[in-house]
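Structure data (mmCIF, C-alpha atoms) from work39.cif:
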data_data
loop_
_atom_site.label_atom_id
_atom_site.label_comp_id
_atom_site.auth_asym_id
_atom_site.auth_seq_id
_atom_site.Cartn_x
_atom_site.Cartn_y
_atom_site.Cartn_z
CA MET A 1 6.93 59.46 -10.70
CA TRP A 2 3.59 57.68 -11.01
CA LEU A 3 5.23 54.94 -13.09
CA GLN A 4 7.80 54.34 -10.34
CA LYS A 5 5.01 53.99 -7.78
CA VAL A 6 3.19 51.47 -9.97
CA VAL A 7 6.34 49.38 -10.38
CA ILE A 8 6.96 49.41 -6.60
CA LEU A 9 3.34 48.42 -5.98
CA LEU A 10 3.56 45.54 -8.46
CA ILE A 11 6.79 44.30 -6.88
CA PHE A 12 5.14 44.41 -3.46
CA VAL A 13 2.07 42.48 -4.68
CA PHE A 14 4.16 39.78 -6.35
CA SER A 15 6.37 39.48 -3.25
CA VAL A 16 3.36 39.00 -1.00
CA GLN A 17 1.92 36.40 -3.36
CA SER A 18 5.26 34.59 -3.51
CA ILE A 19 5.57 34.52 0.29
CA ALA A 20 2.00 33.30 0.67
CA LYS A 21 2.59 30.56 -1.88
CA SER A 22 5.82 29.40 -0.20
CA THR A 23 4.14 29.18 3.21
CA GLU A 24 0.91 27.60 1.97
CA LEU A 25 0.29 24.31 3.78
CA ILE A 26 -0.11 21.22 1.66
CA ASP A 27 -2.24 18.34 2.87
CA VAL A 28 -0.20 15.14 3.14
CA PRO A 29 -2.36 11.98 3.34
CA VAL A 30 -0.70 9.43 5.63
CA LEU A 31 -1.63 5.76 6.12
CA ILE A 32 -1.76 4.65 9.74
CA ALA A 33 -3.04 1.73 11.79
CA GLU A 34 -6.26 2.65 13.57
CA ASP A 35 -5.01 1.77 17.05
CA VAL A 36 -1.83 3.82 16.53
CA LYS A 37 -3.92 6.78 15.36
CA LEU A 38 -6.08 6.57 18.49
CA HIS A 39 -3.00 6.49 20.73
CA LEU A 40 -1.54 9.44 18.81
CA GLN A 41 -4.75 11.45 19.19
CA ARG A 42 -4.89 10.83 22.94
CA LEU A 43 -1.22 11.66 23.33
CA SER A 44 -1.60 14.87 21.30
CA LYS A 45 -4.28 16.07 23.72
CA GLN A 46 -1.87 15.61 26.63
CA THR A 47 1.35 17.00 25.16
CA ASP A 48 2.94 18.54 22.09
CA ILE A 49 4.29 15.51 20.20
CA LEU A 50 6.85 17.73 18.48
CA THR A 51 8.62 18.23 21.81
CA ILE A 52 8.61 14.62 23.07
CA SER A 53 12.11 13.46 23.97
CA ASP A 54 11.30 10.78 26.56
CA PHE A 55 9.64 7.81 24.83
CA SER A 56 9.79 5.42 27.78
CA ASN A 57 6.16 5.85 28.92
CA LEU A 58 4.38 5.62 25.57
CA PRO A 59 1.18 3.54 25.48
CA GLN A 60 2.48 1.65 22.43
CA GLY A 61 5.79 0.53 20.98
CA ARG A 62 7.77 1.00 17.79
CA ASP A 63 4.87 2.00 15.53
CA LEU A 64 3.87 4.93 17.74
CA VAL A 65 7.52 6.03 17.89
CA ASP A 66 7.56 5.92 14.06
CA VAL A 67 4.73 8.40 13.63
CA ILE A 68 6.01 10.76 16.34
CA LEU A 69 9.44 10.83 14.67
CA LEU A 70 7.76 11.38 11.30
CA ASN A 71 6.05 14.50 12.67
CA GLN A 72 9.22 15.75 14.32
CA ALA A 73 11.36 15.21 11.23
CA LEU A 74 8.94 17.01 8.91
CA HIS A 75 8.75 19.89 11.39
CA LEU A 76 12.54 20.15 11.69
CA GLY A 77 12.83 19.94 7.90
CA LYS A 78 10.42 22.89 7.65
CA CYS A 79 7.87 21.05 5.55
CA GLN A 80 4.91 23.37 5.14
CA CYS A 81 2.48 20.50 5.38
CA ARG A 82 -0.46 19.21 7.36
CA LEU A 83 -0.63 15.45 7.97
CA VAL A 84 -4.05 13.91 7.31
CA TYR A 85 -4.39 10.34 8.61
CA PHE A 86 -6.22 7.47 6.90
CA ASP A 87 -6.76 4.07 8.53
CA ASN A 88 -4.91 1.06 7.20
CA SER A 89 -3.23 -1.60 9.32
CA VAL A 90 -2.18 -4.13 6.65
CA TYR A 91 1.51 -3.85 5.77
CA GLY A 92 1.23 -5.22 2.23
CA ARG A 93 -1.77 -3.04 1.43
CA ASN A 94 0.16 0.01 2.66
CA ILE A 95 2.59 -0.51 -0.19
CA GLU A 96 -0.13 -0.93 -2.82
CA LEU A 97 -1.97 2.17 -1.64
CA LEU A 98 1.21 4.24 -1.68
CA LYS A 99 1.99 3.06 -5.21
CA SER A 100 -1.36 4.42 -6.36
CA GLY A 101 -0.32 7.98 -5.48
CA LYS A 102 -3.50 8.66 -3.51
CA TYR A 103 -1.45 8.64 -0.30
CA ALA A 104 1.93 10.26 0.25
CA LEU A 105 3.41 8.43 3.24
CA SER A 106 3.03 5.51 5.61
CA ALA A 107 3.21 6.40 9.31
CA ASP A 108 4.69 2.96 9.84
CA THR A 109 8.28 2.59 8.63
CA LEU A 110 8.82 -0.10 5.99
CA TRP A 111 11.71 -2.45 5.25
CA LEU A 112 14.11 -1.09 2.63
CA SER A 113 13.91 -4.30 0.60
CA ASP A 114 10.14 -3.82 0.28
CA ILE A 115 10.52 -0.20 -0.83
CA THR A 116 13.24 -0.87 -3.39
CA SER A 117 11.10 -3.62 -4.91
CA HIS A 118 8.90 -0.78 -6.17
CA ALA A 119 11.59 1.70 -7.14
CA THR A 120 9.52 3.45 -9.83
CA THR A 121 6.63 4.29 -7.49
CA LEU A 122 8.20 4.48 -4.03
CA ARG A 123 11.16 6.40 -2.66
CA SER A 124 12.80 5.63 0.67
CA SER A 125 13.73 8.22 3.24
CA GLN A 126 17.03 8.06 5.04
CA ALA A 127 17.29 5.03 7.30
CA VAL A 128 15.34 5.41 10.51
CA ILE A 129 16.45 2.09 12.03
CA ARG A 130 19.69 1.05 10.34
CA ASN A 131 20.64 -2.42 9.20
CA GLY A 132 21.64 -4.64 12.11
CA GLU A 133 20.04 -2.36 14.72
CA TYR A 134 16.71 -4.16 15.10
CA ASP A 135 16.70 -7.09 17.51
CA VAL A 136 13.62 -9.13 18.39
CA GLY A 137 12.53 -11.67 20.94
CA LEU A 138 11.08 -15.11 20.27
CA TYR A 139 7.79 -14.48 22.06
CA THR A 140 5.83 -17.44 23.35
CA SER A 141 2.98 -18.09 25.77
CA VAL A 142 3.88 -17.54 29.42
CA ASN A 143 2.59 -21.11 29.94
CA ASN A 144 4.52 -22.80 27.13
CA GLU A 145 7.16 -24.60 29.20
CA ARG A 146 8.61 -26.50 26.25
CA ALA A 147 9.31 -23.32 24.29
CA LEU A 148 10.62 -21.45 27.34
CA LYS A 149 13.27 -24.14 27.86
CA ALA A 150 14.76 -23.64 24.36
CA GLN A 151 18.39 -22.53 24.50
CA ASN A 152 19.75 -22.75 20.94
CA LYS A 153 18.81 -23.19 17.27
CA GLU A 154 18.55 -26.96 17.70
CA ASP A 155 15.88 -26.47 20.34
CA ILE A 156 14.07 -23.87 18.22
CA ALA A 157 14.03 -26.31 15.29
CA ARG A 158 11.64 -28.46 17.33
CA LEU A 159 9.12 -25.62 17.72
CA THR A 160 6.38 -24.25 15.48
CA ALA A 161 6.26 -20.59 14.48
CA ILE A 162 4.04 -18.02 12.84
CA SER A 163 4.78 -14.72 11.13
CA ASN A 164 3.60 -12.54 8.27
CA ARG A 165 5.35 -13.28 4.98
CA PHE A 166 4.73 -9.67 3.89
CA TRP A 167 7.02 -8.56 6.73
CA SER A 168 10.03 -9.46 4.61
CA ALA A 169 12.77 -9.08 7.26
CA ASP A 170 10.73 -10.93 9.92
CA TRP A 171 9.92 -13.73 7.49
CA GLN A 172 13.57 -14.07 6.50
CA ALA A 173 14.77 -14.09 10.12
CA ILE A 174 12.22 -16.63 11.31
CA ASN A 175 13.17 -18.92 8.41
CA GLN A 176 16.80 -18.58 9.48
CA LEU A 177 15.78 -20.10 12.83
CA ASN A 178 14.45 -23.14 10.94
CA PRO A 179 11.35 -23.98 13.04
CA ILE A 180 9.79 -27.36 12.39
CA LYS A 181 6.73 -25.61 10.98
CA LEU A 182 6.13 -22.00 9.91
CA ALA A 183 2.70 -20.58 9.04
CA HIS A 184 1.75 -17.24 7.49
CA ILE A 185 -0.73 -15.17 9.50
CA GLU A 186 -1.48 -11.68 8.19
CA SER A 187 -3.41 -10.35 11.19
CA PHE A 188 -1.26 -9.38 14.17
CA PRO A 189 -4.11 -9.86 16.70
CA ASN A 190 -4.64 -13.39 15.35
CA MET A 191 -0.92 -13.99 15.57
CA LYS A 192 -0.90 -13.12 19.27
CA ARG A 193 -4.01 -15.23 19.90
CA LEU A 194 -2.51 -18.33 18.27
CA VAL A 195 0.70 -18.05 20.31
CA LYS A 196 -1.20 -17.41 23.55
CA SER A 197 -3.30 -20.51 22.96
CA GLU A 198 -0.11 -22.51 22.09
CA ILE A 199 -1.41 -23.46 18.64
CA ALA A 200 1.94 -22.02 17.56
CA ASP A 201 4.98 -21.96 19.82
CA PHE A 202 6.40 -18.53 19.02
CA THR A 203 6.57 -15.48 16.81
CA LEU A 204 9.13 -12.67 16.51
CA LEU A 205 8.34 -9.38 18.27
CA HIS A 206 10.49 -6.45 19.24
CA PHE A 207 11.09 -6.52 22.97
CA ARG A 208 8.42 -4.87 25.11
CA ILE A 209 10.11 -3.23 28.07
CA ASN A 210 8.16 -2.32 31.19
CA ASP A 211 10.81 -1.66 33.79
CA ASP A 212 12.57 -5.05 33.86
CA ASP A 213 9.50 -6.95 32.68
CA LEU A 214 9.60 -8.19 29.07
CA SER A 215 6.14 -9.78 29.05
CA PHE A 216 3.43 -8.57 26.73
CA GLU A 217 -0.24 -9.63 26.89
CA GLN A 218 0.44 -13.11 28.31
CA LEU A 219 3.40 -13.46 25.96
CA THR A 220 7.03 -13.54 27.05
CA PRO A 221 10.32 -13.96 25.18
CA ILE A 222 12.23 -17.21 25.35
CA PRO A 223 14.98 -16.11 27.77
CA ASN A 224 18.59 -15.41 26.76
CA VAL A 225 18.10 -15.85 22.99
CA LYS A 226 17.04 -13.42 20.30
CA ALA A 227 17.23 -12.73 16.56
CA VAL A 228 18.20 -9.74 14.44
CA LEU A 229 16.14 -8.53 11.48
CA TRP A 230 18.78 -7.97 8.81
CA ASP A 231 17.35 -4.96 7.00
CA SER A 232 16.87 -1.25 7.61
CA ARG A 233 13.59 0.59 8.15
CA HIS A 234 12.63 3.75 6.29
CA PHE A 235 9.64 5.94 5.63
CA ALA A 236 8.26 5.28 2.16
CA ILE A 237 7.22 8.25 0.03
CA SER A 238 5.00 7.78 -3.01
CA THR A 239 6.63 9.22 -6.12
CA GLN A 240 3.15 9.37 -7.65
CA PHE A 241 2.01 11.96 -5.10
CA PRO A 242 2.26 15.66 -6.06
CA ASN A 243 5.03 17.53 -4.24
CA TYR A 244 6.66 14.25 -3.13
CA GLN A 245 10.13 15.72 -3.69
CA ARG A 246 9.35 18.63 -1.37
CA ILE A 247 8.11 16.20 1.29
CA ALA A 248 11.11 13.87 0.88
CA GLU A 249 13.61 16.74 1.12
CA ALA A 250 12.08 18.05 4.35
CA LEU A 251 11.78 14.56 5.84
CA ASN A 252 15.40 13.66 5.15
CA LYS A 253 16.64 16.98 6.49
CA GLY A 254 14.73 16.42 9.72
CA LEU A 255 15.82 12.79 10.08
CA GLU A 256 19.44 13.84 9.61
CA GLN A 257 19.13 16.29 12.50
CA LEU A 258 17.38 13.74 14.74
CA HIS A 259 20.12 11.19 14.04
CA ARG A 260 22.82 13.77 14.67
CA GLU A 261 21.29 14.47 18.07
CA ASN A 262 20.96 10.71 18.79
CA LYS A 263 17.23 11.12 19.34
CA ILE A 264 16.18 8.30 17.03
CA THR A 265 18.35 5.61 18.62
CA SER A 266 17.30 6.66 22.12
CA ALA A 267 13.62 6.69 21.14
CA TYR A 268 13.64 3.10 19.89
CA LEU A 269 15.83 1.94 22.75
CA ALA A 270 13.18 3.27 25.14
CA VAL A 271 10.56 0.94 23.63
CA GLY A 272 12.78 -2.14 23.64
CA ILE A 273 14.83 -2.18 20.43
CA ASN A 274 18.50 -2.89 21.25
CA HIS A 275 17.70 -2.41 24.92
CA PRO A 276 20.58 -3.00 27.41
CA LEU A 277 18.41 -5.54 29.25
CA THR A 278 18.85 -8.00 26.35
CA SER A 279 22.22 -6.82 25.06
CA ASP A 280 24.04 -10.01 26.15
CA TRP A 281 21.40 -12.41 24.84
CA LYS A 282 22.64 -14.83 22.19
CA ILE A 283 21.76 -13.88 18.59
CA LEU A 284 20.57 -17.12 17.02
CA ASN A 285 20.87 -15.90 13.42
CA ALA A 286 24.16 -14.04 13.80
CA SER A 287 25.79 -16.27 11.18
CA ASP A 288 23.20 -15.09 8.67
CA ALA A 289 24.25 -11.44 8.92
CA PRO A 290 24.85 -9.98 5.46
CA ASN A 291 27.98 -8.11 4.55
CA TYR A 292 26.78 -4.53 4.76
CA GLN A 293 27.91 -1.08 5.62
CA ILE A 294 25.76 0.63 8.26
CA GLN A 295 24.12 3.56 6.51
CA SER A 296 25.16 6.93 7.75
CA PRO A 297 22.39 9.16 9.09
#

Written as C-alpha coordinates, how would this file's structure read?
Amino acid sequence: MWLQKVVILLIFVFSVQSIAKSTELIDVPVLIAEDVKLHLQRLSKQTDILTISDFSNLPQGRDLVDVILLNQALHLGKCQCRLVYFDNSVYGRNIELLKSGKYALSADTLWLSDITSHATTLRSSQAVIRNGEYDVGLYTSVNNERALKAQNKEDIARLTAISNRFWSADWQAINQLNPIKLAHIESFPNMKRLVKSEIADFTLLHFRINDDDLSFEQLTPIPNVKAVLWDSRHFAISTQFPNYQRIAEALNKGLEQLHRENKITSAYLAVGINHPLTSDWKILNASDAPNYQIQSP
(Lines of atoms letter the chains of each structure in order from A and count residues from 1; the text may use other names and numbers.)
(Lines give C-alpha, C1' and ligand atoms only; values in the text may rest on other atoms or scores of the structure.)
Protein backbone atom coordinates (compact mmCIF):
# COMPACT_ATOMS: atom_id res chain seq x y z
CA MET A 1 0.00 0.00 0.00
CA TRP A 2 2.82 2.35 0.95
CA LEU A 3 4.55 1.63 -2.37
CA GLN A 4 1.41 2.63 -4.28
CA LYS A 5 1.26 5.91 -2.36
CA VAL A 6 4.91 6.65 -3.17
CA VAL A 7 4.32 6.00 -6.88
CA ILE A 8 1.26 8.30 -6.88
CA LEU A 9 3.24 11.00 -5.07
CA LEU A 10 6.10 10.76 -7.57
CA ILE A 11 3.69 10.98 -10.50
CA PHE A 12 2.10 14.06 -8.95
CA VAL A 13 5.50 15.74 -8.37
CA PHE A 14 6.67 15.06 -11.93
CA SER A 15 3.34 16.31 -13.34
CA VAL A 16 3.59 19.56 -11.40
CA GLN A 17 7.18 20.04 -12.55
CA SER A 18 6.19 19.34 -16.15
CA ILE A 19 3.32 21.84 -16.02
CA ALA A 20 5.54 24.47 -14.43
CA LYS A 21 8.20 23.94 -17.09
CA SER A 22 5.68 24.18 -19.95
CA THR A 23 4.26 27.45 -18.61
CA GLU A 24 7.60 29.00 -17.69
CA LEU A 25 8.02 32.34 -19.46
CA ILE A 26 11.06 32.76 -21.65
CA ASP A 27 12.59 36.19 -22.16
CA VAL A 28 12.61 37.15 -25.84
CA PRO A 29 14.98 40.04 -26.64
CA VAL A 30 13.48 42.22 -29.38
CA LEU A 31 15.19 45.00 -31.36
CA ILE A 32 13.13 48.17 -31.70
CA ALA A 33 13.59 51.78 -32.73
CA GLU A 34 13.72 54.04 -29.69
CA ASP A 35 10.89 56.32 -30.82
CA VAL A 36 8.64 53.32 -31.55
CA LYS A 37 9.40 51.90 -28.10
CA LEU A 38 8.44 55.20 -26.46
CA HIS A 39 5.15 55.31 -28.38
CA LEU A 40 4.48 51.69 -27.44
CA GLN A 41 5.15 52.37 -23.76
CA ARG A 42 2.80 55.37 -23.72
CA LEU A 43 0.12 53.43 -25.58
CA SER A 44 0.45 50.46 -23.20
CA LYS A 45 -0.31 52.75 -20.26
CA GLN A 46 -3.54 53.85 -21.93
CA THR A 47 -4.85 50.55 -23.27
CA ASP A 48 -4.18 46.83 -23.55
CA ILE A 49 -2.30 46.55 -26.87
CA LEU A 50 -3.42 42.93 -27.18
CA THR A 51 -7.01 44.09 -27.68
CA ILE A 52 -6.39 46.94 -30.15
CA SER A 53 -8.49 46.53 -33.29
CA ASP A 54 -8.78 50.16 -34.41
CA PHE A 55 -5.37 51.39 -35.61
CA SER A 56 -6.57 54.65 -37.14
CA ASN A 57 -5.55 56.92 -34.24
CA LEU A 58 -2.06 55.60 -33.54
CA PRO A 59 0.65 58.20 -32.87
CA GLN A 60 2.91 56.51 -35.45
CA GLY A 61 2.59 54.55 -38.66
CA ARG A 62 3.59 51.16 -40.00
CA ASP A 63 6.40 50.44 -37.54
CA LEU A 64 4.14 50.83 -34.51
CA VAL A 65 1.54 48.59 -36.18
CA ASP A 66 4.32 46.00 -36.68
CA VAL A 67 5.16 45.70 -33.00
CA ILE A 68 1.51 45.66 -31.88
CA LEU A 69 0.77 42.84 -34.34
CA LEU A 70 3.90 41.02 -33.15
CA ASN A 71 2.56 41.07 -29.58
CA GLN A 72 -0.92 40.02 -30.66
CA ALA A 73 0.34 37.16 -32.83
CA LEU A 74 2.60 35.73 -30.11
CA HIS A 75 -0.28 35.96 -27.64
CA LEU A 76 -2.71 34.21 -30.00
CA GLY A 77 -0.06 31.58 -30.74
CA LYS A 78 0.22 30.95 -26.99
CA CYS A 79 3.91 31.73 -26.80
CA GLN A 80 4.88 31.58 -23.15
CA CYS A 81 7.26 34.48 -23.55
CA ARG A 82 8.01 37.95 -22.28
CA LEU A 83 9.25 40.51 -24.83
CA VAL A 84 12.26 42.53 -23.68
CA TYR A 85 13.02 45.53 -25.90
CA PHE A 86 16.46 46.80 -26.92
CA ASP A 87 17.01 50.04 -28.84
CA ASN A 88 18.21 49.89 -32.42
CA SER A 89 16.86 52.00 -35.27
CA VAL A 90 19.25 51.04 -38.10
CA TYR A 91 17.73 48.52 -40.50
CA GLY A 92 20.99 46.97 -41.67
CA ARG A 93 22.33 46.65 -38.13
CA ASN A 94 19.09 44.92 -37.11
CA ILE A 95 20.01 42.08 -39.44
CA GLU A 96 23.58 41.80 -38.16
CA LEU A 97 22.45 41.80 -34.53
CA LEU A 98 19.85 39.11 -35.20
CA LYS A 99 22.45 36.96 -36.96
CA SER A 100 24.56 37.02 -33.80
CA GLY A 101 21.86 35.19 -31.84
CA LYS A 102 21.93 37.69 -28.98
CA TYR A 103 18.49 38.93 -30.06
CA ALA A 104 15.54 36.81 -31.14
CA LEU A 105 13.34 39.17 -33.16
CA SER A 106 13.07 42.57 -34.77
CA ALA A 107 9.95 44.54 -33.86
CA ASP A 108 10.18 46.08 -37.31
CA THR A 109 9.22 43.74 -40.15
CA LEU A 110 11.93 43.14 -42.74
CA TRP A 111 11.84 42.53 -46.49
CA LEU A 112 11.82 38.84 -47.41
CA SER A 113 14.74 39.29 -49.81
CA ASP A 114 16.86 40.61 -46.93
CA ILE A 115 15.93 37.69 -44.67
CA THR A 116 16.54 34.99 -47.28
CA SER A 117 19.97 36.47 -47.97
CA HIS A 118 20.91 35.10 -44.55
CA ALA A 119 19.08 31.79 -44.68
CA THR A 120 21.42 29.97 -42.28
CA THR A 121 20.99 32.50 -39.46
CA LEU A 122 17.55 34.03 -40.03
CA ARG A 123 14.12 32.51 -40.51
CA SER A 124 11.15 34.44 -41.84
CA SER A 125 7.70 34.35 -40.34
CA GLN A 126 4.63 34.11 -42.52
CA ALA A 127 4.14 37.19 -44.65
CA VAL A 128 2.76 40.12 -42.72
CA ILE A 129 2.44 42.46 -45.72
CA ARG A 130 2.29 40.31 -48.85
CA ASN A 131 4.04 40.97 -52.14
CA GLY A 132 2.33 43.71 -54.13
CA GLU A 133 0.38 45.02 -51.12
CA TYR A 134 2.71 47.86 -50.11
CA ASP A 135 2.21 51.13 -51.98
CA VAL A 136 4.15 54.31 -51.26
CA GLY A 137 3.99 57.98 -52.10
CA LEU A 138 6.71 60.09 -53.68
CA TYR A 139 6.99 62.54 -50.80
CA THR A 140 8.40 65.98 -51.48
CA SER A 141 8.51 69.37 -49.75
CA VAL A 142 5.17 71.15 -49.59
CA ASN A 143 7.00 74.07 -51.24
CA ASN A 144 8.65 72.14 -54.08
CA GLU A 145 6.46 73.29 -56.96
CA ARG A 146 8.57 71.61 -59.64
CA ALA A 147 8.25 68.19 -58.01
CA LEU A 148 4.55 68.63 -57.23
CA LYS A 149 3.84 69.20 -60.93
CA ALA A 150 5.31 65.81 -61.95
CA GLN A 151 2.73 63.57 -63.60
CA ASN A 152 4.63 60.59 -65.05
CA LYS A 153 7.96 58.75 -65.12
CA GLU A 154 9.38 61.23 -67.63
CA ASP A 155 8.76 64.05 -65.17
CA ILE A 156 10.20 62.03 -62.28
CA ALA A 157 13.34 61.37 -64.32
CA ARG A 158 14.11 65.09 -64.05
CA LEU A 159 14.04 65.01 -60.23
CA THR A 160 16.60 64.03 -57.59
CA ALA A 161 15.85 61.40 -54.97
CA ILE A 162 17.19 59.92 -51.76
CA SER A 163 16.62 56.59 -50.05
CA ASN A 164 18.41 53.99 -47.97
CA ARG A 165 20.11 51.30 -50.03
CA PHE A 166 19.72 48.88 -47.11
CA TRP A 167 15.95 49.13 -47.57
CA SER A 168 16.17 46.73 -50.50
CA ALA A 169 12.60 47.03 -51.80
CA ASP A 170 12.59 50.84 -51.48
CA TRP A 171 15.96 51.10 -53.21
CA GLN A 172 14.78 48.85 -56.05
CA ALA A 173 11.52 50.79 -56.50
CA ILE A 174 13.15 54.21 -56.48
CA ASN A 175 15.67 53.01 -59.09
CA GLN A 176 12.74 51.83 -61.21
CA LEU A 177 11.54 55.46 -61.27
CA ASN A 178 14.91 56.45 -62.76
CA PRO A 179 15.48 59.83 -61.04
CA ILE A 180 18.23 61.98 -62.50
CA LYS A 181 20.21 61.51 -59.29
CA LEU A 182 19.79 59.08 -56.37
CA ALA A 183 21.73 59.35 -53.10
CA HIS A 184 21.97 56.91 -50.20
CA ILE A 185 21.03 58.34 -46.80
CA GLU A 186 20.93 55.89 -43.89
CA SER A 187 19.29 58.15 -41.30
CA PHE A 188 15.55 58.65 -41.75
CA PRO A 189 15.51 62.01 -39.90
CA ASN A 190 18.26 63.26 -42.24
CA MET A 191 16.29 61.97 -45.18
CA LYS A 192 13.25 64.03 -44.18
CA ARG A 193 15.41 67.10 -43.52
CA LEU A 194 17.05 66.95 -46.96
CA VAL A 195 13.69 66.68 -48.74
CA LYS A 196 12.14 69.46 -46.64
CA SER A 197 15.04 71.76 -47.52
CA GLU A 198 14.73 70.72 -51.23
CA ILE A 199 18.33 69.50 -51.39
CA ALA A 200 16.64 66.36 -52.75
CA ASP A 201 13.30 66.43 -54.54
CA PHE A 202 11.65 63.34 -53.10
CA THR A 203 11.86 60.06 -51.23
CA LEU A 204 9.48 57.10 -50.97
CA LEU A 205 7.27 56.89 -47.86
CA HIS A 206 4.15 54.92 -47.11
CA PHE A 207 1.17 57.25 -47.18
CA ARG A 208 0.43 59.09 -43.95
CA ILE A 209 -3.32 59.42 -43.60
CA ASN A 210 -4.87 62.01 -41.29
CA ASP A 211 -8.49 62.17 -42.34
CA ASP A 212 -8.09 63.23 -46.00
CA ASP A 213 -4.74 64.92 -45.41
CA LEU A 214 -1.68 63.07 -46.74
CA SER A 215 0.91 65.57 -45.54
CA PHE A 216 3.58 64.61 -43.06
CA GLU A 217 5.95 67.05 -41.31
CA GLN A 218 6.01 69.60 -44.15
CA LEU A 219 6.20 66.77 -46.66
CA THR A 220 3.44 65.82 -49.08
CA PRO A 221 3.13 63.20 -51.82
CA ILE A 222 3.31 64.18 -55.46
CA PRO A 223 -0.42 63.93 -56.28
CA ASN A 224 -1.99 61.13 -58.34
CA VAL A 225 1.17 59.02 -58.72
CA LYS A 226 2.68 56.34 -56.51
CA ALA A 227 4.97 53.30 -56.52
CA VAL A 228 4.70 49.75 -55.24
CA LEU A 229 7.46 48.02 -53.27
CA TRP A 230 7.68 44.62 -54.94
CA ASP A 231 8.50 42.42 -51.97
CA SER A 232 6.79 41.04 -48.88
CA ARG A 233 7.44 41.97 -45.26
CA HIS A 234 7.99 39.42 -42.51
CA PHE A 235 9.20 39.19 -38.96
CA ALA A 236 12.74 37.83 -38.85
CA ILE A 237 13.61 35.23 -36.21
CA SER A 238 17.22 34.45 -35.35
CA THR A 239 17.94 30.75 -35.74
CA GLN A 240 20.91 31.28 -33.42
CA PHE A 241 18.62 32.16 -30.51
CA PRO A 242 17.63 29.37 -28.09
CA ASN A 243 14.00 28.27 -28.44
CA TYR A 244 13.67 30.05 -31.81
CA GLN A 245 11.53 27.21 -33.16
CA ARG A 246 9.07 27.58 -30.29
CA ILE A 247 8.87 31.33 -30.92
CA ALA A 248 8.48 30.89 -34.70
CA GLU A 249 5.72 28.29 -34.30
CA ALA A 250 3.69 30.53 -31.97
CA LEU A 251 4.25 33.60 -34.14
CA ASN A 252 3.12 31.90 -37.33
CA LYS A 253 0.07 30.41 -35.63
CA GLY A 254 -0.95 33.85 -34.41
CA LEU A 255 -0.30 35.56 -37.74
CA GLU A 256 -2.41 32.94 -39.49
CA GLN A 257 -5.33 33.73 -37.20
CA LEU A 258 -4.90 37.50 -37.62
CA HIS A 259 -4.85 37.11 -41.42
CA ARG A 260 -7.89 34.85 -41.32
CA GLU A 261 -9.78 37.53 -39.42
CA ASN A 262 -8.53 40.24 -41.84
CA LYS A 263 -7.03 42.18 -38.95
CA ILE A 264 -3.60 42.63 -40.52
CA THR A 265 -4.83 44.15 -43.78
CA SER A 266 -7.19 46.49 -41.95
CA ALA A 267 -4.46 47.55 -39.51
CA TYR A 268 -2.06 48.65 -42.26
CA LEU A 269 -4.85 50.20 -44.29
CA ALA A 270 -5.65 52.39 -41.28
CA VAL A 271 -2.14 53.87 -41.34
CA GLY A 272 -2.09 54.51 -45.09
CA ILE A 273 -0.90 51.34 -46.85
CA ASN A 274 -3.23 50.54 -49.78
CA HIS A 275 -5.62 53.19 -48.50
CA PRO A 276 -8.76 53.85 -50.63
CA LEU A 277 -7.82 57.53 -50.80
CA THR A 278 -4.95 56.68 -53.18
CA SER A 279 -6.39 53.54 -54.77
CA ASP A 280 -6.84 55.16 -58.20
CA TRP A 281 -3.42 56.83 -58.28
CA LYS A 282 -1.20 55.74 -61.15
CA ILE A 283 1.47 53.15 -60.24
CA LEU A 284 4.62 54.42 -61.93
CA ASN A 285 6.53 51.14 -61.63
CA ALA A 286 3.65 48.81 -62.48
CA SER A 287 5.56 47.45 -65.48
CA ASP A 288 8.31 46.31 -63.12
CA ALA A 289 6.01 43.98 -61.16
CA PRO A 290 7.56 40.52 -60.87
CA ASN A 291 5.68 37.38 -61.74
CA TYR A 292 4.70 36.14 -58.31
CA GLN A 293 2.01 34.31 -56.48
CA ILE A 294 0.59 36.22 -53.50
CA GLN A 295 1.53 34.19 -50.45
CA SER A 296 -1.35 32.70 -48.59
CA PRO A 297 -1.71 33.73 -44.95

Exercise. Between A:Arg165, A:Ile68, A:Ala200, A:Leu194, single out the one closest to Thr109 of chain A, counting only C-alpha atoms.
Key: A:Ile68

Could you build a table of the residues in segment 130-174 of chain A lying no more than 6 Å from segment 179-191 of chain A, giving for each the nearest pair of atoms and their separation in Å rounded to one decimal place, using all atoms listed in the file, ordered by chain and ascending residue number, as a Markdown table?
| residue | atom | partner | partner_atom | distance |
| --- | --- | --- | --- | --- |
| A:Ile156 | CA | A:Pro179 | CA | 5.9 |
| A:Ala157 | CA | A:Pro179 | CA | 4.2 |
| A:Arg158 | CA | A:Ile180 | CA | 5.4 |
| A:Leu159 | CA | A:Pro179 | CA | 5.4 |
| A:Thr160 | CA | A:Lys181 | CA | 4.7 |
| A:Ala161 | CA | A:Leu182 | CA | 4.8 |
| A:Ile162 | CA | A:Ala183 | CA | 4.8 |
| A:Ser163 | CA | A:His184 | CA | 5.4 |
| A:Asn164 | CA | A:His184 | CA | 5.1 |
| A:Arg165 | CA | A:His184 | CA | 5.9 |

Self-check item: Residues returned when the PyMOL selection byres ((chain A and resi 269-284) around 10) runs on this file, as a ChimeraX atom specification
Solution: /A:54-65,129,132-137,151-153,156,173,176-177,205-214,223-228,263-268,285-288

Exercise. Using only C-alpha atoms, determine which residues lie at most 6 Å from Ala104 of chain A, disregarding the query and same-chain residues fewer than 4 positions distant; provide the list as a ChimeraX atom specification.
Key: /A:29,237-238,241

Next, dump the selected residues to file, keeping only C-alpha atoms, as a PDB file, in the frame of the given file.
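Writing the result to part.pdb gives the following:
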ATOM      1  CA  PRO A  29      -2.360  11.980   3.340  1.00  0.00           C
ATOM      2  CA  ILE A 237       7.220   8.250   0.030  1.00  0.00           C
ATOM      3  CA  SER A 238       5.000   7.780  -3.010  1.00  0.00           C
ATOM      4  CA  PHE A 241       2.010  11.960  -5.100  1.00  0.00           C
TER       5      PHE A 241
END

Spatial neighbours of segment 88-90 of chain A, max dist 6 Å, all atoms listed in the file, sep filter under 5 positions, as a PDB file with C-alpha atoms, in the frame of the given file:
ATOM      1  CA  LEU A  31      -1.630   5.760   6.120  1.00  0.00           C
ATOM      2  CA  ILE A  32      -1.760   4.650   9.740  1.00  0.00           C
ATOM      3  CA  ALA A  33      -3.040   1.730  11.790  1.00  0.00           C
TER       4      ALA A  33
END

Quiz prompt | Ground truth for the PyMOL selection byres ((chain A and resi 110-126) around 6), written as a VMD selection string | solution = chain A and resid 99 109 127 232 to 239 252

Practice problem: Between atom CA of Ala289 of chain A and atom CA of Leu138 of chain A, measure the distance and give it in Å to one decimal. | Solution: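 Spanning atom CA of Ala289 of chain A to atom CA of Leu138 of chain A is a straight-line distance of 17.8 Å.
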
Quiz item: Pick from A:Phe166, A:Tyr139, A:Tyr85, A:Tyr91: nearest to Asp201 of chain A, with only C-alpha atoms counted?
Solution: A:Tyr139

Quiz prompt | Straight-line distance linking atom CA of Trp171 of chain A with atom CA of Val67 of chain A, stated in Å to one decimal | solution = 23.5 Å
